[in-house]
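Listing of model.cif; format and content: mmCIF, C-alpha atoms.
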```cif
data_coords
loop_
_atom_site.label_atom_id
_atom_site.label_comp_id
_atom_site.auth_asym_id
_atom_site.auth_seq_id
_atom_site.Cartn_x
_atom_site.Cartn_y
_atom_site.Cartn_z
CA MET T 1 23.05 13.80 3.23
CA GLY T 2 21.77 13.52 6.80
CA ALA T 3 19.04 16.11 6.15
CA ILE T 4 17.87 14.25 3.02
CA LYS T 5 17.65 10.99 4.95
CA LEU T 6 15.69 12.73 7.67
CA ARG T 7 13.18 14.25 5.20
CA LEU T 8 12.79 10.90 3.45
CA PHE T 9 12.15 9.22 6.78
CA ILE T 10 9.53 11.79 7.86
CA ALA T 11 7.80 11.55 4.45
CA THR T 12 7.64 7.75 4.82
CA LEU T 13 6.26 8.17 8.32
CA ILE T 14 3.47 10.49 7.10
CA TRP T 15 2.67 8.19 4.17
CA LEU T 16 2.47 5.16 6.43
CA LEU T 17 0.26 7.02 8.90
CA THR T 18 -2.16 7.99 6.10
CA PHE T 19 -2.07 4.48 4.64
CA SER T 20 -2.54 2.82 8.02
CA LEU T 21 -5.77 4.67 8.82
CA ARG T 22 -7.35 3.11 5.72
CA PHE T 23 -5.95 -0.41 5.97
CA ALA T 24 -5.62 -1.26 9.63
CA VAL T 25 -5.43 -5.01 10.38
CA ALA T 26 -4.70 -5.83 14.02
CA GLU T 27 -2.20 -5.08 16.77
CA ASP T 28 -1.25 -1.86 15.04
CA TYR T 29 -0.33 1.11 17.15
CA ILE T 30 0.95 4.65 17.20
CA GLN T 31 3.01 5.61 20.23
CA GLY T 32 4.33 8.91 21.46
CA SER T 33 6.50 9.34 24.55
CA THR T 34 8.69 11.97 26.12
CA TYR T 35 11.64 11.06 28.30
CA TYR T 36 13.42 13.46 30.57
CA TYR T 37 16.85 12.47 31.92
CA ASP T 38 18.30 14.48 34.77
CA MET T 39 21.87 13.15 34.86
CA LYS T 40 23.89 14.54 37.74
CA PRO T 41 26.30 16.23 38.05
CA ASN T 42 25.50 18.42 35.06
CA MET T 43 23.51 17.03 32.12
CA THR T 44 19.83 16.94 31.14
CA ILE T 45 18.32 15.26 28.10
CA THR T 46 14.81 15.73 26.77
CA LYS T 47 13.84 12.94 24.42
CA PRO T 48 10.55 12.95 22.54
CA THR T 49 9.93 9.70 20.63
CA PHE T 50 7.34 8.69 18.11
CA SER T 51 6.75 5.21 16.69
CA ILE T 52 4.23 3.41 14.58
CA SER T 53 3.79 -0.32 14.06
CA LYS T 54 1.59 -1.42 11.20
CA ASP T 55 0.66 -4.82 9.76
CA LEU T 56 0.60 -4.32 6.02
CA SER T 57 -0.77 -7.85 5.64
CA ILE T 58 -1.18 -10.91 7.83
CA ASN T 59 2.50 -11.73 7.14
CA THR T 60 4.17 -8.34 6.92
CA ASN T 61 4.80 -5.73 9.58
CA VAL T 62 6.45 -2.33 9.39
CA LEU T 63 7.84 -0.48 12.39
CA LEU T 64 9.03 3.12 12.24
CA ARG T 65 10.52 5.11 15.08
CA PHE T 66 11.85 8.62 15.37
CA ASN T 67 13.31 10.42 18.36
CA VAL T 68 15.25 13.53 19.23
CA ASP T 69 17.76 13.86 22.07
CA ASP T 70 18.06 17.45 23.20
CA VAL T 71 21.18 17.45 25.37
CA LYS T 72 22.12 20.31 27.68
CA ILE T 73 25.37 20.33 29.65
CA ASP T 74 26.10 22.93 32.30
CA GLY T 75 29.76 23.91 32.28
CA VAL T 76 32.65 21.57 31.66
CA THR T 77 32.06 17.84 31.81
CA GLY T 78 34.47 15.09 32.76
CA ALA T 79 36.37 17.22 35.25
CA THR T 80 35.22 14.94 38.03
CA THR T 81 37.10 11.94 36.64
CA SER T 82 40.27 11.06 38.43
CA ALA T 83 42.11 11.15 35.12
CA GLY T 84 41.28 14.83 34.93
CA ALA T 85 39.23 14.76 31.74
CA SER T 86 37.84 17.90 30.22
CA THR T 87 35.58 18.72 27.29
CA THR T 88 34.03 21.79 25.77
CA VAL T 89 30.68 20.43 24.53
CA SER T 90 27.79 22.38 26.04
CA SER T 91 24.70 21.32 24.11
CA ASP T 92 23.69 19.20 21.17
CA THR T 93 20.68 17.76 19.42
CA ARG T 94 20.73 14.19 18.23
CA LYS T 95 18.10 12.94 15.80
CA GLU T 96 17.54 9.24 15.31
CA GLY T 97 15.26 7.34 12.97
CA ALA T 98 14.70 3.61 12.69
CA ALA T 99 12.71 1.53 10.24
CA SER T 100 12.22 -2.21 10.04
CA VAL T 101 10.14 -4.56 7.94
CA SER T 102 9.44 -8.14 8.92
CA HIS T 103 7.89 -10.79 6.73
CA THR T 104 6.77 -14.27 7.74
CA ILE T 105 6.74 -17.20 5.34
CA GLY T 106 5.57 -20.37 7.06
CA ASP T 107 8.00 -21.11 9.88
CA TRP T 108 10.47 -18.53 8.60
CA LYS T 109 10.64 -14.86 9.44
CA VAL T 110 12.92 -12.33 7.79
CA GLU T 111 13.47 -8.84 9.19
CA ALA T 112 15.40 -5.99 7.62
CA GLY T 113 16.10 -2.79 9.49
CA TYR T 114 17.89 0.50 9.24
CA VAL T 115 18.86 2.96 11.99
CA PHE T 116 20.45 6.33 11.43
CA SER T 117 21.35 9.15 13.76
CA SER T 118 22.96 12.52 13.34
CA GLU T 119 24.18 15.27 15.58
CA LYS T 120 26.26 18.30 14.74
CA ASP T 121 29.54 16.40 14.94
CA TYR T 122 28.60 12.73 14.68
CA ARG T 123 26.79 10.47 12.22
CA SER T 124 25.83 6.85 12.43
CA SER T 125 23.90 4.51 10.18
CA THR T 126 23.23 0.82 10.71
CA PRO T 127 21.53 -1.52 8.23
CA SER T 128 20.61 -4.90 9.68
CA ILE T 129 19.08 -8.20 8.69
CA SER T 130 17.91 -11.17 10.72
CA VAL T 131 16.33 -14.52 9.94
CA SER T 132 14.48 -16.77 12.35
CA ARG T 133 12.85 -20.15 12.07
CA ASP T 134 10.31 -21.89 14.30
CA PHE T 135 10.64 -25.58 15.16
CA PHE T 136 8.60 -28.19 17.08
CA GLN T 137 5.16 -26.60 16.67
CA ARG T 138 6.66 -23.18 17.36
CA ASN T 139 8.03 -24.19 20.75
CA THR T 140 11.56 -23.42 19.61
CA THR T 141 12.80 -20.45 17.61
CA LEU T 142 16.30 -20.03 16.28
CA ALA T 143 17.40 -16.62 15.02
CA VAL T 144 20.59 -15.25 13.50
CA GLY T 145 21.34 -11.69 12.53
CA TYR T 146 23.93 -9.32 11.17
CA SER T 147 24.28 -5.57 11.17
CA HIS T 148 26.97 -3.11 10.19
CA SER T 149 27.39 0.34 11.72
CA PHE T 150 29.01 3.12 9.72
CA ASP T 151 29.92 5.84 12.23
CA GLU T 152 31.84 9.05 11.79
CA ASP T 153 33.10 11.60 14.32
CA LEU T 154 33.07 14.76 12.21
CA ASN T 155 35.23 16.62 14.73
CA ALA T 156 38.17 14.22 14.24
CA VAL T 157 40.63 14.34 11.33
CA SER T 158 39.94 10.72 10.46
CA GLY T 159 36.88 9.86 12.50
CA GLU T 160 35.41 6.83 10.71
CA LYS T 161 34.38 3.83 12.78
CA ASN T 162 33.01 0.53 11.47
CA VAL T 163 31.24 -2.11 13.51
CA ASN T 164 30.25 -5.62 12.44
CA ASN T 165 27.61 -7.16 14.70
CA TYR T 166 26.72 -10.85 14.62
CA SER T 167 23.98 -12.35 16.74
CA ALA T 168 22.28 -15.67 17.41
CA SER T 169 19.47 -16.56 19.78
CA LEU T 170 17.41 -19.55 20.85
CA THR T 171 13.93 -19.00 22.27
CA GLN T 172 12.33 -22.00 23.96
CA VAL T 173 8.82 -22.42 25.33
CA LEU T 174 9.23 -24.44 28.51
CA SER T 175 5.61 -24.69 29.63
CA PRO T 176 2.29 -22.87 29.00
CA TRP T 177 3.54 -20.31 31.54
CA THR T 178 7.29 -20.09 30.93
CA VAL T 179 9.47 -19.01 28.03
CA MET T 180 13.26 -18.68 27.94
CA GLN T 181 15.73 -17.08 25.57
CA VAL T 182 19.49 -17.49 25.26
CA GLY T 183 21.35 -14.99 23.12
CA TYR T 184 24.89 -14.43 21.92
CA THR T 185 26.35 -11.40 20.17
CA PHE T 186 29.79 -10.72 18.81
CA SER T 187 30.97 -7.45 17.39
CA ASP T 188 34.25 -6.23 15.99
CA THR T 189 34.88 -2.53 15.86
CA ASN T 190 37.68 -0.69 14.15
CA GLY T 191 38.58 2.88 13.31
CA TYR T 192 38.43 5.96 15.49
CA LEU T 193 37.19 4.70 18.87
CA ALA T 194 38.12 7.70 21.03
CA SER T 195 36.10 10.86 21.53
CA SER T 196 37.53 13.94 19.87
CA TYR T 197 36.35 16.08 22.81
CA ARG T 198 37.94 14.19 25.66
CA ARG T 199 41.38 15.25 26.82
CA VAL T 200 43.64 13.67 29.40
CA ILE T 201 45.46 15.90 31.86
CA PHE T 202 48.81 14.54 33.07
CA ARG T 203 50.06 14.70 36.63
CA ASN T 204 52.51 17.43 35.59
CA GLY T 205 49.70 19.52 34.08
CA GLY T 206 50.23 18.63 30.40
CA GLU T 207 47.19 17.82 28.30
CA VAL T 208 46.57 15.64 25.23
CA PRO T 209 43.54 14.20 23.41
CA GLU T 210 42.65 10.73 24.63
CA TYR T 211 44.15 7.94 22.56
CA VAL T 212 42.75 4.40 22.60
CA PRO T 213 43.35 1.22 20.53
CA GLY T 214 41.91 1.25 17.01
CA ASP T 215 40.04 -2.03 17.33
CA ARG T 216 37.84 -3.74 19.84
CA ASN T 217 36.18 -7.18 19.83
CA ARG T 218 33.16 -7.67 22.07
CA ASP T 219 31.34 -10.84 23.18
CA ALA T 220 28.11 -10.97 25.15
CA VAL T 221 25.99 -13.91 26.15
CA GLY T 222 22.65 -13.52 27.87
CA ILE T 223 19.77 -15.53 29.20
CA ARG T 224 16.29 -14.31 30.06
CA ILE T 225 13.17 -15.99 31.31
CA ALA T 226 9.56 -14.83 31.47
CA GLN T 227 7.34 -16.63 33.97
CA TRP T 228 3.59 -16.12 34.34
CA LEU T 229 2.40 -15.48 37.89
CA PRO T 230 -0.95 -16.72 39.23
CA THR T 231 -1.65 -13.18 40.49
CA ASN T 232 -2.32 -12.08 36.87
CA GLY T 233 1.22 -10.85 36.49
CA SER T 234 4.61 -12.03 35.28
CA ILE T 235 8.24 -11.96 36.27
CA HIS T 236 11.14 -11.47 33.87
CA LEU T 237 14.65 -12.45 34.93
CA SER T 238 17.75 -11.83 32.86
CA TYR T 239 21.48 -12.20 33.14
CA ARG T 240 24.21 -11.09 30.73
CA HIS T 241 27.93 -11.69 30.76
CA TYR T 242 30.08 -9.45 28.61
CA ARG T 243 33.80 -9.28 27.83
CA ASP T 244 35.92 -7.53 25.26
CA SER T 245 39.47 -7.21 23.96
CA TRP T 246 40.03 -4.13 26.14
CA LYS T 247 39.81 -6.57 29.10
CA ILE T 248 36.47 -5.27 30.29
CA ASP T 249 34.34 -7.94 31.92
CA SER T 250 30.84 -7.14 33.05
CA ASN T 251 27.81 -8.83 34.60
CA THR T 252 24.24 -7.57 34.38
CA TYR T 253 21.33 -8.91 36.44
CA GLN T 254 17.80 -7.66 35.95
CA VAL T 255 14.37 -8.47 37.34
CA GLN T 256 11.08 -6.99 36.18
CA ILE T 257 7.74 -7.78 37.78
CA TYR T 258 4.51 -6.95 35.96
CA GLN T 259 1.27 -6.93 37.91
CA HIS T 260 -2.30 -6.06 36.92
CA LEU T 261 -3.77 -4.17 39.88
CA LEU T 262 -7.09 -3.74 38.07
CA LYS T 263 -8.15 -4.87 34.62
CA SER T 264 -7.16 -1.46 33.30
CA VAL T 265 -4.11 -0.79 35.51
CA LEU T 266 -0.77 -2.48 34.99
CA VAL T 267 2.33 -1.70 37.03
CA ARG T 268 5.91 -2.81 36.53
CA GLY T 269 8.66 -2.79 39.14
CA GLU T 270 12.25 -3.17 38.01
CA TYR T 271 15.70 -3.64 39.46
CA ARG T 272 18.97 -3.89 37.51
CA HIS T 273 22.46 -4.42 38.84
CA TYR T 274 25.52 -3.90 36.67
CA SER T 275 29.24 -4.24 37.39
CA GLN T 276 32.27 -3.94 35.15
CA ASP T 277 36.06 -4.01 35.24
CA GLY T 278 38.00 -1.11 33.76
CA ALA T 279 39.79 -1.12 30.41
CA TYR T 280 43.35 -2.43 30.69
CA PHE T 281 44.79 0.97 29.81
CA TYR T 282 42.63 2.94 32.23
CA LYS T 283 44.52 4.68 35.05
CA ASP T 284 43.56 7.06 37.81
CA SER T 285 46.26 9.39 36.56
CA TYR T 286 48.73 9.33 33.67
CA ALA T 287 52.43 10.25 33.59
CA GLY T 288 52.39 10.95 29.87
CA THR T 289 54.56 8.01 28.81
CA GLU T 290 51.69 5.55 28.32
CA ARG T 291 50.77 4.30 24.86
CA TYR T 292 47.01 4.55 25.42
CA LEU T 293 45.24 7.13 27.55
CA THR T 294 41.56 7.58 28.20
CA ALA T 295 39.29 10.08 29.90
CA THR T 296 36.13 8.12 29.07
CA THR T 297 34.19 7.59 32.27
CA SER T 298 32.49 4.43 30.95
CA LEU T 299 35.89 2.67 30.77
CA VAL T 300 36.58 2.86 34.52
CA PRO T 301 35.65 0.01 36.90
CA PHE T 302 32.30 0.63 38.60
CA THR T 303 28.98 -0.80 39.68
CA ALA T 304 25.55 0.60 38.86
CA ASN T 305 22.02 0.06 40.07
CA LEU T 306 18.71 1.00 38.51
CA TYR T 307 15.32 0.98 40.24
CA GLY T 308 12.19 1.68 38.26
CA LEU T 309 8.44 1.85 38.44
CA LYS T 310 6.12 2.05 35.45
CA ALA T 311 2.34 2.31 35.34
CA VAL T 312 0.05 1.78 32.35
CA TYR T 313 -3.61 2.81 32.40
CA THR T 314 -5.70 1.31 29.60
CA ILE T 315 -8.85 3.00 28.32
CA ASP T 316 -10.48 0.16 26.39
CA LYS T 317 -13.19 2.22 24.70
CA ALA T 318 -10.69 4.70 23.32
CA LYS T 319 -8.08 1.96 22.59
CA LEU T 320 -5.55 4.02 24.51
CA ASP T 321 -2.71 3.16 26.88
CA LEU T 322 -1.47 5.99 29.06
CA GLU T 323 2.02 5.34 30.41
CA ALA T 324 4.19 6.90 33.11
CA LYS T 325 7.59 5.81 34.35
CA TYR T 326 10.22 6.82 36.85
CA GLU T 327 13.68 5.27 37.14
CA LYS T 328 16.62 6.00 39.39
CA TYR T 329 20.08 5.17 38.04
CA HIS T 330 23.15 5.31 40.26
CA GLN T 331 26.79 4.57 39.42
CA SER T 332 29.59 4.16 41.93
CA THR T 333 31.51 6.78 39.88
CA GLY T 334 29.08 9.40 41.19
CA LEU T 335 26.91 9.57 38.08
CA GLU T 336 23.23 9.68 39.03
CA GLY T 337 20.18 9.81 36.87
CA ASP T 338 16.51 10.54 37.47
CA ILE T 339 14.57 9.34 34.45
CA TYR T 340 10.96 10.30 33.79
CA MET T 341 8.69 9.20 30.96
CA LEU T 342 5.14 10.05 29.93
CA GLY T 343 3.60 8.34 26.95
CA VAL T 344 0.46 7.40 25.10
CA ARG T 345 -0.19 4.46 22.79
CA TYR T 346 -3.16 4.27 20.45
CA MET T 347 -4.16 0.84 19.09
CA PHE T 348 -6.05 0.67 15.82
CA MET P 349 29.00 -17.95 32.39
CA LYS P 350 28.48 -20.50 35.18
CA VAL P 351 25.13 -18.92 36.00
CA ILE P 352 23.98 -19.36 32.40
CA LEU P 353 25.04 -23.00 32.27
CA ILE P 354 23.28 -23.79 35.55
CA LEU P 355 20.06 -22.06 34.45
CA LEU P 356 20.18 -23.79 31.06
CA PHE P 357 20.52 -27.18 32.75
CA LEU P 358 17.71 -26.53 35.22
CA PHE P 359 15.25 -25.36 32.60
CA SER P 360 16.18 -27.74 29.81
CA THR P 361 15.24 -30.78 31.87
CA GLY P 362 11.59 -29.74 32.13
CA CYS P 363 11.05 -28.95 28.45
CA ALA P 364 7.83 -30.26 26.84
CA VAL P 365 5.93 -29.44 23.66
CA VAL P 366 3.22 -26.87 24.38
CA GLN P 367 0.24 -27.11 22.04
CA PRO P 368 -1.09 -24.02 20.21
CA HIS P 369 -4.29 -23.96 22.30
CA GLN P 370 -2.15 -23.77 25.46
CA ARG P 371 -0.48 -20.52 24.35
CA GLU P 372 -3.02 -18.00 25.62
CA THR P 373 -0.88 -16.97 28.57
CA LEU P 374 2.33 -16.91 26.57
CA SER P 375 0.79 -14.57 24.02
CA LYS P 376 -0.02 -11.86 26.58
CA PRO P 377 1.98 -8.65 26.18
CA ILE P 378 3.54 -8.92 29.64
CA MET P 379 5.04 -12.29 28.67
CA GLN P 380 6.89 -10.83 25.67
CA PHE P 381 10.58 -9.95 25.73
CA ASP P 382 10.91 -6.28 24.69
CA TYR P 383 7.17 -5.81 24.21
CA ASP P 384 7.72 -2.05 24.08
CA LYS P 385 10.43 -1.74 21.44
CA SER P 386 10.59 2.03 21.70
CA GLU P 387 11.26 1.86 25.43
CA ALA P 388 13.79 -0.94 24.93
CA ALA P 389 15.66 1.19 22.39
CA ALA P 390 15.72 4.19 24.74
CA LYS P 391 17.06 2.05 27.58
CA GLU P 392 19.69 0.44 25.40
CA HIS P 393 20.87 3.86 24.27
CA LEU P 394 21.21 5.06 27.86
CA TYR P 395 23.18 2.00 28.94
CA ASN P 396 25.43 2.13 25.86
CA SER P 397 26.17 5.79 26.62
CA VAL P 398 27.23 5.39 30.25
CA GLU P 399 28.48 1.77 30.42
CA ALA P 400 31.12 -0.11 28.45
CA SER P 401 29.01 -3.17 27.61
CA SER P 402 26.46 -3.87 24.94
CA GLY P 403 24.75 -6.79 23.24
CA GLY P 404 23.69 -10.18 24.54
CA PHE P 405 20.32 -10.26 22.81
CA GLY P 406 19.17 -9.55 19.28
CA VAL P 407 20.66 -7.66 16.40
CA GLY P 408 21.80 -4.18 17.31
CA GLY P 409 24.45 -1.58 16.90
CA GLY P 410 27.88 -1.87 18.43
CA GLY P 411 27.55 1.19 20.59
CA CYS P 412 25.43 4.23 21.27
CA GLY P 413 25.76 5.81 17.83
CA CYS P 414 26.91 8.99 19.50
CA ASN P 415 29.96 10.61 21.05
#
```

Can you give me the file's structure in the form of structure tokens?
Amino acid sequence: MGAIKLRLFIATLIWLLTFSLRFAVAEDYIQGSTYYYDMKPNMTITKPTFSISKDLSINTNVLLRFNVDDVKIDGVTGATTSAGASTTVSSDTRKEGAASVSHTIGDWKVEAGYVFSSEKDYRSSTPSISVSRDFFQRNTTLAVGYSHSFDEDLNAVSGEKNVNNYSASLTQVLSPWTVMQVGYTFSDTNGYLASSYRRVIFRNGGEVPEYVPGDRNRDAVGIRIAQWLPTNGSIHLSYRHYRDSWKIDSNTYQVQIYQHLLKSVLVRGEYRHYSQDGAYFYKDSYAGTERYLTATTSLVPFTANLYGLKAVYTIDKAKLDLEAKYEKYHQSTGLEGDIYMLGVRYMF
Amino acid sequence: MKVILILLFLFSTGCAVVQPHQRETLSKPIMQFDYDKSEAAAKEHLYNSVEASSGGFGVGGGGCGCN
């Protein structure tokens, strides 16, 4: 089933590419990028991505994206967690495709999307729909959306997971140089929420698969602002507060500064700070009598920082953007990531 | 939550209707939220893989779609 979906997606991509070269309108692009993640202590991911955005008419846009995550893990992962986790996964390839169509009718815009991904032991597919409406001469936009994720861990006996996602956002133009957005998302997840690979090692040496609650409700509210700068640049500020029924609270702060150094050279500096509490059932070590046990490193309390620099060089005559990016990610758990990206975007 | 309420109050008091001909700056790519959707998706996937939180903006999945 996954292979059929993949072939169908690639065929659509080729058809759209052929079609787009004959009927280009404006703001259409083809983009190709390769990411390389060097995640210490022991994982690397190579991620080529390809996307195409095409206006089929003045009111209708199609966006297609495809990427592959080639994951390599040296040795056993998770052994560094204080809970003594272990896993046997050594490498995997994850393929992901996404398609969305948006159509504008007056002040209304409707967007339908679909995302699927597959790896040797996991499948996920997510259809989505959102509707937005402009008010007050397009100074205010209200949007609501819904998506449902059908996930399955093929390595587990009963590995289905279902996620309902609800979202709402308000975008407000504040001045000719400032725009703000407030967003809220709620999701309820149920089914198999553990990882079939992670095992918890008890203080006495015993070992069991991790076992976590079968449902999880998540709330997140965020605000972001984009402000034009008189230096021919802009600054983006965002804040998000998150909490869920596993008693995890988190705060995320991010700032991005865009600056044109020359007409054809744009740079972006970025800083992101993230902090979270641990899940209520997380422990440094388990006796074996607990109801829930986890070896998932993302459920422990930690802080994280990300610093990034991106440069875009535009060749007007060729309608090309050449992009390069480096980011440094650091978690207080010891996880560190060096992230590199090279990309090209062709406008037609 | 307090931060959001304070920011909302500060910015809501200066709200005025901006006419279409005043939108040139706002329409520039570097003023768009998630201008590069492909990059935004890659970032979201990374964060969802190594952190417990997700969401806050837009319609998306409830996790990383992976194990």

Counting all atoms listed in the file, note down every residue that has an atom within 12 Å of the point (4.8, -8.7, 24.5) (file coordinates), as an NGL selection string.
-> (:T and (27 or 179 or 226 or 234 or 236 or 258)) or (:P and (373-385 or 388))

Would you put the residues from that selection into a file with C-alpha atoms, as a compact mmCIF listing (two decimals), in the frame of the given file?
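again_6.txt written:
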```
# COMPACT_ATOMS: atom_id res chain seq x y z
CA GLU T 27 -2.20 -5.08 16.77
CA VAL T 179 9.47 -19.01 28.03
CA ALA T 226 9.56 -14.83 31.47
CA SER T 234 4.61 -12.03 35.28
CA HIS T 236 11.14 -11.47 33.87
CA TYR T 258 4.51 -6.95 35.96
CA THR P 373 -0.88 -16.97 28.57
CA LEU P 374 2.33 -16.91 26.57
CA SER P 375 0.79 -14.57 24.02
CA LYS P 376 -0.02 -11.86 26.58
CA PRO P 377 1.98 -8.65 26.18
CA ILE P 378 3.54 -8.92 29.64
CA MET P 379 5.04 -12.29 28.67
CA GLN P 380 6.89 -10.83 25.67
CA PHE P 381 10.58 -9.95 25.73
CA ASP P 382 10.91 -6.28 24.69
CA TYR P 383 7.17 -5.81 24.21
CA ASP P 384 7.72 -2.05 24.08
CA LYS P 385 10.43 -1.74 21.44
CA ALA P 388 13.79 -0.94 24.93
```

Of the candidates T:Gly214, T:Gly288, T:Gly191, T:Gly233, which shows the shortest atom-to-atom distance to chain P, using only C-alpha atoms?
->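 Answer, going by the shortest atom-to-atom distance: T:Gly233.
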
Just the residues within 8 Å of P:Glu399, please, counting only C-alpha atoms, with nothing from its chain fewer than 3 positions along; format it as a PyMOL selection string.
-> (chain T and resi 298-299) or (chain P and resi 395-396)

Please write the residues picked by the PyMOL selection byres ((chain T and resi 241) around 8) on this file as a compact mmCIF listing (two decimals) with C-alpha atoms, keeping the file's coordinate frame.
```txt
# COMPACT_ATOMS: atom_id res chain seq x y z
CA ALA T 220 28.11 -10.97 25.15
CA VAL T 221 25.99 -13.91 26.15
CA GLY T 222 22.65 -13.52 27.87
CA TYR T 239 21.48 -12.20 33.14
CA ARG T 240 24.21 -11.09 30.73
CA TYR T 242 30.08 -9.45 28.61
CA ARG T 243 33.80 -9.28 27.83
CA ASP T 249 34.34 -7.94 31.92
CA SER T 250 30.84 -7.14 33.05
CA ASN T 251 27.81 -8.83 34.60
CA THR T 252 24.24 -7.57 34.38
CA MET P 349 29.00 -17.95 32.39
CA GLY P 404 23.69 -10.18 24.54
```

Spatial neighbours of T:Lys317, 12 Å, only C-alpha atoms, chain gap at least 5 places, as a PDB file with C-alpha atoms, in the coordinates of the input:
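Final file, part_6.pdb:
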```
ATOM      1  CA  SER T 264      -7.160  -1.460  33.300  1.00  0.00           C
ATOM      2  CA  TYR T 346      -3.160   4.270  20.450  1.00  0.00           C
ATOM      3  CA  MET T 347      -4.160   0.840  19.090  1.00  0.00           C
ATOM      4  CA  PHE T 348      -6.050   0.670  15.820  1.00  0.00           C
TER       5      PHE T 348
END
```

Gap from atom CA of T:Gln31 to atom CA of T:Thr46 - Å, one decimal = 16.9 Å
